[in-house]
Amino acid sequence: MQQHFPWSPRLPRMSYAAVLAAFACGAASAGESDTAHYPDLGFSGFGSIGAAHASIRSADFTSSIMKYSGAGRSKRWSPHVDSRLGAQLDLAMNKQWSAVVQAVSEQRSSGSYKPVIEWANIKYQVTPDLSMRLGRIALPAFLAADYRKIGYAYTWVRPPVEVYNAIPLSNSDGVDASYRWNHGALKNVTQAFYGTTKKPLWDNATLKAHGVAGLSHTTSYRDLSARVSVLNAHLSIDLARELFDGYRQ
């Protein structure tokens, strides 16, 4: 659960590699006492402005295959690799029911920066350790899945593209359940999820994923965290649609 604090500016963390500047807005909420006041509405924002350089001319370096361009072939310097802006709205109706909506603006496969809804789900806290969500949910495939879009939240300039680009999908529309449990000094979170997703690609192609199901388990011990995930999905991509339509004729 996200905690809300009175608004206060955060100093941007500068990166010597690609990120030129980063900024973040602290959360603002109405209830600020030991006893929460419901309904509790909170707003937070995040963003980064970056530039990446590549000396190659045969291809573009991008942080995701979902982007239209990058640094290299298109332009030696590109602001599209790491720049993004996001806003999040949190609503807690009581101790059991809450909801979140997150919108992110970054370069898309079409080249535009039109905002998209990254998260939009309702959460029910069944017990202090068990919770369930319904709606658009972050896929817990990687350790930084919950803050994958928030650049200042991790130590790299960007998550390693060799790993995170293997599954460029960052969310799915469906359900999930999370259970927190301890074993001695080990703190564990086990999460099961199921859903579907649809993403536009280049050349008017579309990536569709059905039956996105999996299990994720995170174990923490003091300052050490490890996550193991298993994910299965049925993917379909309609690339070169006109070419295959010609073959069918």
# chains A, B, ... in the order shown; residues from 1 in each chain; ligands from 1

call {"tool": "closest_atom_pairs", "arguments": {"of": "segment 130-248 of chain A", "to": "segment 46-62 of chain A", "cutoff": "10 Å", "atoms": "only C-alpha atoms", "output": "tab-separated table"}}
result
residue	atom	partner	partner_atom	distance
A:Lys149	CA	A:Gly47	CA	8.7
A:Ile150	CA	A:Phe46	CA	6.5
A:Gly151	CA	A:Ser48	CA	6.6
A:Tyr152	CA	A:Ser48	CA	7.7
A:Ala153	CA	A:Phe46	CA	9.8
A:Val157	CA	A:Gly50	CA	9.3
A:Val161	CA	A:Thr62	CA	8.4
A:Asn165	CA	A:Thr62	CA	9.8

call {"tool": "residues_around", "arguments": {"residues": "Leu201 of chain A", "least_positions_apart": "3", "cutoff": "7 Å", "atoms": "only C-alpha atoms", "output": "JSON list (two decimals) with all heavy atoms, in the first residue's frame"}}
result
[["chain", "number", "residue", "atom", "x", "y", "z"],
["A", 66, "MET", "N", 8.73, -1.41, -27.96],
["A", 66, "MET", "CA", 7.47, -0.71, -28.10],
["A", 66, "MET", "C", 7.66, 0.74, -28.53],
["A", 66, "MET", "O", 6.68, 1.47, -28.72],
["A", 66, "MET", "CB", 6.68, -0.74, -26.79],
["A", 66, "MET", "CG", 6.32, -2.13, -26.32],
["A", 66, "MET", "SD", 5.24, -2.98, -27.48],
["A", 66, "MET", "CE", 4.89, -4.50, -26.58],
["A", 109, "SER", "N", 4.89, 3.20, -30.09],
["A", 109, "SER", "CA", 5.31, 2.61, -31.36],
["A", 109, "SER", "C", 4.88, 3.46, -32.55],
["A", 109, "SER", "O", 5.45, 3.36, -33.63],
["A", 109, "SER", "CB", 4.74, 1.20, -31.48],
["A", 109, "SER", "OG", 3.32, 1.22, -31.37],
["A", 204, "ASN", "N", 1.08, -0.54, -38.11],
["A", 204, "ASN", "CA", -0.31, -0.89, -37.83],
["A", 204, "ASN", "C", -0.49, -2.33, -37.34],
["A", 204, "ASN", "O", -1.58, -2.89, -37.43],
["A", 204, "ASN", "CB", -1.18, -0.67, -39.08],
["A", 204, "ASN", "CG", -1.23, 0.78, -39.50],
["A", 204, "ASN", "OD1", -1.30, 1.68, -38.67],
["A", 204, "ASN", "ND2", -1.18, 1.02, -40.81],
["A", 205, "ALA", "N", 0.56, -2.93, -36.86],
["A", 205, "ALA", "CA", 0.47, -4.28, -36.31],
["A", 205, "ALA", "C", 0.04, -4.21, -34.85],
["A", 205, "ALA", "O", 0.15, -3.18, -34.19],
["A", 205, "ALA", "CB", 1.81, -4.99, -36.44],
["A", 206, "THR", "N", -0.45, -5.34, -34.36],
["A", 206, "THR", "CA", -0.94, -5.42, -32.99],
["A", 206, "THR", "C", -0.42, -6.68, -32.32],
["A", 206, "THR", "O", -0.41, -7.75, -32.92],
["A", 206, "THR", "CB", -2.47, -5.43, -32.96],
["A", 206, "THR", "OG1", -2.98, -4.27, -33.62],
["A", 206, "THR", "CG2", -2.99, -5.44, -31.53],
["A", 207, "LEU", "N", 0.03, -6.53, -31.09],
["A", 207, "LEU", "CA", 0.45, -7.66, -30.28],
["A", 207, "LEU", "C", -0.68, -8.00, -29.31],
["A", 207, "LEU", "O", -1.12, -7.15, -28.54],
["A", 207, "LEU", "CB", 1.72, -7.33, -29.50],
["A", 207, "LEU", "CG", 2.14, -8.32, -28.41],
["A", 207, "LEU", "CD1", 2.47, -9.67, -29.01],
["A", 207, "LEU", "CD2", 3.32, -7.79, -27.61]]

call {"tool": "residues_around", "arguments": {"residues": "Phe193 of chain A", "least_positions_apart": "4", "cutoff": "8 Å", "atoms": "only C-alpha atoms", "output": "ChimeraX atom specification"}}
result
/A:174-177,212-215

call {"tool": "write_last_selection", "arguments": {"atoms": "N, CA, C and O atoms", "output": "PDB file, in the first residue's frame"}}
result
ATOM      1  N   GLY A 174      -6.847  -8.188 -15.912  1.00  0.00           N
ATOM      2  CA  GLY A 174      -7.317  -9.437 -15.325  1.00  0.00           C
ATOM      3  C   GLY A 174      -7.401  -9.356 -13.815  1.00  0.00           C
ATOM      4  O   GLY A 174      -7.788  -8.324 -13.258  1.00  0.00           O
ATOM      5  N   VAL A 175      -6.992 -10.421 -13.155  1.00  0.00           N
ATOM      6  CA  VAL A 175      -7.068 -10.519 -11.700  1.00  0.00           C
ATOM      7  C   VAL A 175      -5.739 -11.041 -11.163  1.00  0.00           C
ATOM      8  O   VAL A 175      -4.960 -11.669 -11.879  1.00  0.00           O
ATOM      9  N   ASP A 176      -5.514 -10.763  -9.879  1.00  0.00           N
ATOM     10  CA  ASP A 176      -4.366 -11.354  -9.203  1.00  0.00           C
ATOM     11  C   ASP A 176      -4.656 -11.451  -7.707  1.00  0.00           C
ATOM     12  O   ASP A 176      -5.586 -10.821  -7.192  1.00  0.00           O
ATOM     13  N   ALA A 177      -3.872 -12.265  -7.032  1.00  0.00           N
ATOM     14  CA  ALA A 177      -3.983 -12.437  -5.584  1.00  0.00           C
ATOM     15  C   ALA A 177      -2.579 -12.513  -5.009  1.00  0.00           C
ATOM     16  O   ALA A 177      -1.698 -13.190  -5.571  1.00  0.00           O
ATOM     17  N   VAL A 212      -2.688 -14.853 -20.151  1.00  0.00           N
ATOM     18  CA  VAL A 212      -1.451 -14.476 -19.449  1.00  0.00           C
ATOM     19  C   VAL A 212      -1.585 -14.927 -17.999  1.00  0.00           C
ATOM     20  O   VAL A 212      -2.238 -14.278 -17.181  1.00  0.00           O
ATOM     21  N   ALA A 213      -0.984 -16.050 -17.683  1.00  0.00           N
ATOM     22  CA  ALA A 213      -1.118 -16.630 -16.347  1.00  0.00           C
ATOM     23  C   ALA A 213       0.267 -16.926 -15.793  1.00  0.00           C
ATOM     24  O   ALA A 213       1.202 -17.238 -16.541  1.00  0.00           O
ATOM     25  N   GLY A 214       0.388 -16.810 -14.484  1.00  0.00           N
ATOM     26  CA  GLY A 214       1.685 -17.089 -13.899  1.00  0.00           C
ATOM     27  C   GLY A 214       1.675 -17.022 -12.390  1.00  0.00           C
ATOM     28  O   GLY A 214       0.655 -16.743 -11.748  1.00  0.00           O
ATOM     29  N   LEU A 215       2.853 -17.260 -11.860  1.00  0.00           N
ATOM     30  CA  LEU A 215       3.081 -17.255 -10.418  1.00  0.00           C
ATOM     31  C   LEU A 215       4.396 -16.553 -10.150  1.00  0.00           C
ATOM     32  O   LEU A 215       5.396 -16.805 -10.834  1.00  0.00           O
TER      33      LEU A 215
END

call {"tool": "atom_distance", "arguments": {"atom1": "atom CA of Val101 of chain A", "atom2": "atom CA of Gly70 of chain A"}}
result
28.3 Å

call {"tool": "closest_residue", "arguments": {"among": "A:Lys114, A:Trp97, A:Arg133, A:Ile65", "to": "Arg84 of chain A", "atoms": "only C-alpha atoms"}}
result
A:Lys114

call {"tool": "select_by_dssp", "arguments": {"residues": "segment 194-248 of chain A", "states": "strand (DSSP E or B)", "output": "ChimeraX atom specification"}}
result
/A:194-200,206-221,224-237

call {"tool": "write_last_selection", "arguments": {"atoms": "C-alpha atoms", "output": "PDB file, in the first residue's frame"}}
result
ATOM      1  CA  TYR A 194      -4.306 -14.197 -14.883  1.00  0.00           C
ATOM      2  CA  GLY A 195      -5.316 -11.823 -17.651  1.00  0.00           C
ATOM      3  CA  THR A 196      -4.997 -10.614 -21.224  1.00  0.00           C
ATOM      4  CA  THR A 197      -3.410  -7.637 -22.964  1.00  0.00           C
ATOM      5  CA  LYS A 198      -3.261  -5.892 -26.323  1.00  0.00           C
ATOM      6  CA  LYS A 199      -0.520  -3.532 -27.512  1.00  0.00           C
ATOM      7  CA  PRO A 200      -0.164  -1.595 -30.788  1.00  0.00           C
ATOM      8  CA  THR A 206      -0.942  -5.418 -32.990  1.00  0.00           C
ATOM      9  CA  LEU A 207       0.449  -7.660 -30.280  1.00  0.00           C
ATOM     10  CA  LYS A 208      -2.216  -9.702 -28.486  1.00  0.00           C
ATOM     11  CA  ALA A 209      -1.622 -11.899 -25.449  1.00  0.00           C
ATOM     12  CA  HIS A 210      -4.328 -14.228 -24.174  1.00  0.00           C
ATOM     13  CA  GLY A 211      -4.247 -16.440 -21.134  1.00  0.00           C
ATOM     14  CA  VAL A 212      -1.451 -14.476 -19.449  1.00  0.00           C
ATOM     15  CA  ALA A 213      -1.118 -16.630 -16.347  1.00  0.00           C
ATOM     16  CA  GLY A 214       1.685 -17.089 -13.899  1.00  0.00           C
ATOM     17  CA  LEU A 215       3.081 -17.255 -10.418  1.00  0.00           C
ATOM     18  CA  SER A 216       5.593 -14.919  -8.811  1.00  0.00           C
ATOM     19  CA  HIS A 217       7.393 -15.353  -5.502  1.00  0.00           C
ATOM     20  CA  THR A 218       9.538 -12.740  -3.770  1.00  0.00           C
ATOM     21  CA  THR A 219      11.731 -13.459  -0.747  1.00  0.00           C
ATOM     22  CA  SER A 220      13.411 -10.744   1.303  1.00  0.00           C
ATOM     23  CA  TYR A 221      16.048 -11.040   3.998  1.00  0.00           C
ATOM     24  CA  LEU A 224      18.472  -8.686   0.052  1.00  0.00           C
ATOM     25  CA  SER A 225      15.509  -9.441  -2.227  1.00  0.00           C
ATOM     26  CA  ALA A 226      15.044 -12.137  -4.853  1.00  0.00           C
ATOM     27  CA  ARG A 227      12.132 -12.899  -7.158  1.00  0.00           C
ATOM     28  CA  VAL A 228      11.274 -16.015  -9.153  1.00  0.00           C
ATOM     29  CA  SER A 229       8.490 -15.849 -11.740  1.00  0.00           C
ATOM     30  CA  VAL A 230       6.798 -18.287 -14.084  1.00  0.00           C
ATOM     31  CA  LEU A 231       4.642 -16.873 -16.882  1.00  0.00           C
ATOM     32  CA  ASN A 232       2.684 -18.453 -19.712  1.00  0.00           C
ATOM     33  CA  ALA A 233       0.804 -16.661 -22.494  1.00  0.00           C
ATOM     34  CA  HIS A 234      -0.525 -17.201 -25.995  1.00  0.00           C
ATOM     35  CA  LEU A 235       0.881 -14.466 -28.250  1.00  0.00           C
ATOM     36  CA  SER A 236      -0.260 -13.392 -31.698  1.00  0.00           C
ATOM     37  CA  ILE A 237       1.350 -10.651 -33.822  1.00  0.00           C
TER      38      ILE A 237
END

call {"tool": "residues_around", "arguments": {"residues": "Tyr68 of chain A", "least_positions_apart": "4", "cutoff": "7 Å", "atoms": "only C-alpha atoms", "output": "PyMOL selection string"}}
result
chain A and resi 107-111

call {"tool": "write_last_selection", "arguments": {"atoms": "all heavy atoms", "output": "mmCIF file, in the first residue's frame"}}
result
data_model
loop_
_atom_site.group_PDB
_atom_site.id
_atom_site.type_symbol
_atom_site.label_atom_id
_atom_site.label_comp_id
_atom_site.auth_asym_id
_atom_site.auth_seq_id
_atom_site.Cartn_x
_atom_site.Cartn_y
_atom_site.Cartn_z
ATOM 1 N N GLN A 107 7.244 7.849 -25.462
ATOM 2 C CA GLN A 107 7.140 7.570 -26.886
ATOM 3 C C GLN A 107 6.547 6.187 -27.136
ATOM 4 O O GLN A 107 6.964 5.203 -26.532
ATOM 5 C CB GLN A 107 8.494 7.664 -27.574
ATOM 6 C CG GLN A 107 8.373 7.634 -29.090
ATOM 7 C CD GLN A 107 9.694 7.396 -29.791
ATOM 8 O OE1 GLN A 107 10.415 6.465 -29.473
ATOM 9 N NE2 GLN A 107 10.027 8.261 -30.733
ATOM 10 N N ARG A 108 5.558 6.128 -28.015
ATOM 11 C CA ARG A 108 4.895 4.871 -28.346
ATOM 12 C C ARG A 108 5.393 4.352 -29.693
ATOM 13 O O ARG A 108 6.199 4.993 -30.366
ATOM 14 C CB ARG A 108 3.382 5.080 -28.371
ATOM 15 C CG ARG A 108 2.838 5.652 -27.067
ATOM 16 C CD ARG A 108 1.403 6.088 -27.180
ATOM 17 N NE ARG A 108 0.512 4.977 -27.529
ATOM 18 C CZ ARG A 108 -0.803 5.115 -27.680
ATOM 19 N NH1 ARG A 108 -1.371 6.293 -27.495
ATOM 20 N NH2 ARG A 108 -1.550 4.082 -27.995
ATOM 21 N N SER A 109 4.895 3.201 -30.088
ATOM 22 C CA SER A 109 5.314 2.608 -31.359
ATOM 23 C C SER A 109 4.878 3.456 -32.547
ATOM 24 O O SER A 109 5.450 3.356 -33.632
ATOM 25 C CB SER A 109 4.735 1.198 -31.484
ATOM 26 O OG SER A 109 3.321 1.225 -31.370
ATOM 27 N N SER A 110 3.870 4.305 -32.350
ATOM 28 C CA SER A 110 3.420 5.208 -33.410
ATOM 29 C C SER A 110 4.257 6.478 -33.478
ATOM 30 O O SER A 110 4.104 7.263 -34.418
ATOM 31 C CB SER A 110 1.954 5.580 -33.184
ATOM 32 O OG SER A 110 1.792 6.266 -31.942
ATOM 33 N N GLY A 111 5.096 6.721 -32.484
ATOM 34 C CA GLY A 111 5.909 7.929 -32.431
ATOM 35 C C GLY A 111 5.296 9.032 -31.596
ATOM 36 O O GLY A 111 5.958 10.038 -31.318
#

call {"tool": "closest_residue", "arguments": {"among": "A:Ser98, A:Gln88, A:Asn171, A:Gln249", "to": "Lys123 of chain A", "atoms": "only C-alpha atoms"}}
result
A:Ser98

call {"tool": "atom_distance", "arguments": {"atom1": "atom CA of Val81 of chain A", "atom2": "atom CA of Arg158 of chain A"}}
result
9.3 Å

call {"tool": "atom_distance", "arguments": {"atom1": "atom CA of Ala138 of chain A", "atom2": "atom CA of Tyr154 of chain A"}}
result
16.7 Å

call {"tool": "select_by_dssp", "arguments": {"residues": "segment 111-197 of chain A", "states": "alpha helix (DSSP H)", "output": "list in words"}}
result
Val161, Glu162, Val163 and Tyr164 of chain A

call {"tool": "write_last_selection", "arguments": {"atoms": "C-alpha atoms", "output": "PDB file, in the first residue's frame"}}
result
ATOM      1  CA  VAL A 161      17.217  -4.100 -21.823  1.00  0.00           C
ATOM      2  CA  GLU A 162      18.734  -7.551 -22.385  1.00  0.00           C
ATOM      3  CA  VAL A 163      16.486  -8.837 -19.579  1.00  0.00           C
ATOM      4  CA  TYR A 164      13.443  -6.570 -19.497  1.00  0.00           C
TER       5      TYR A 164
END

call {"tool": "residues_around", "arguments": {"residues": "Gly135 of chain A", "least_positions_apart": "6", "cutoff": "6 Å", "atoms": "only C-alpha atoms", "output": "PyMOL selection string"}}
result
chain A and resi 120-121+173-174
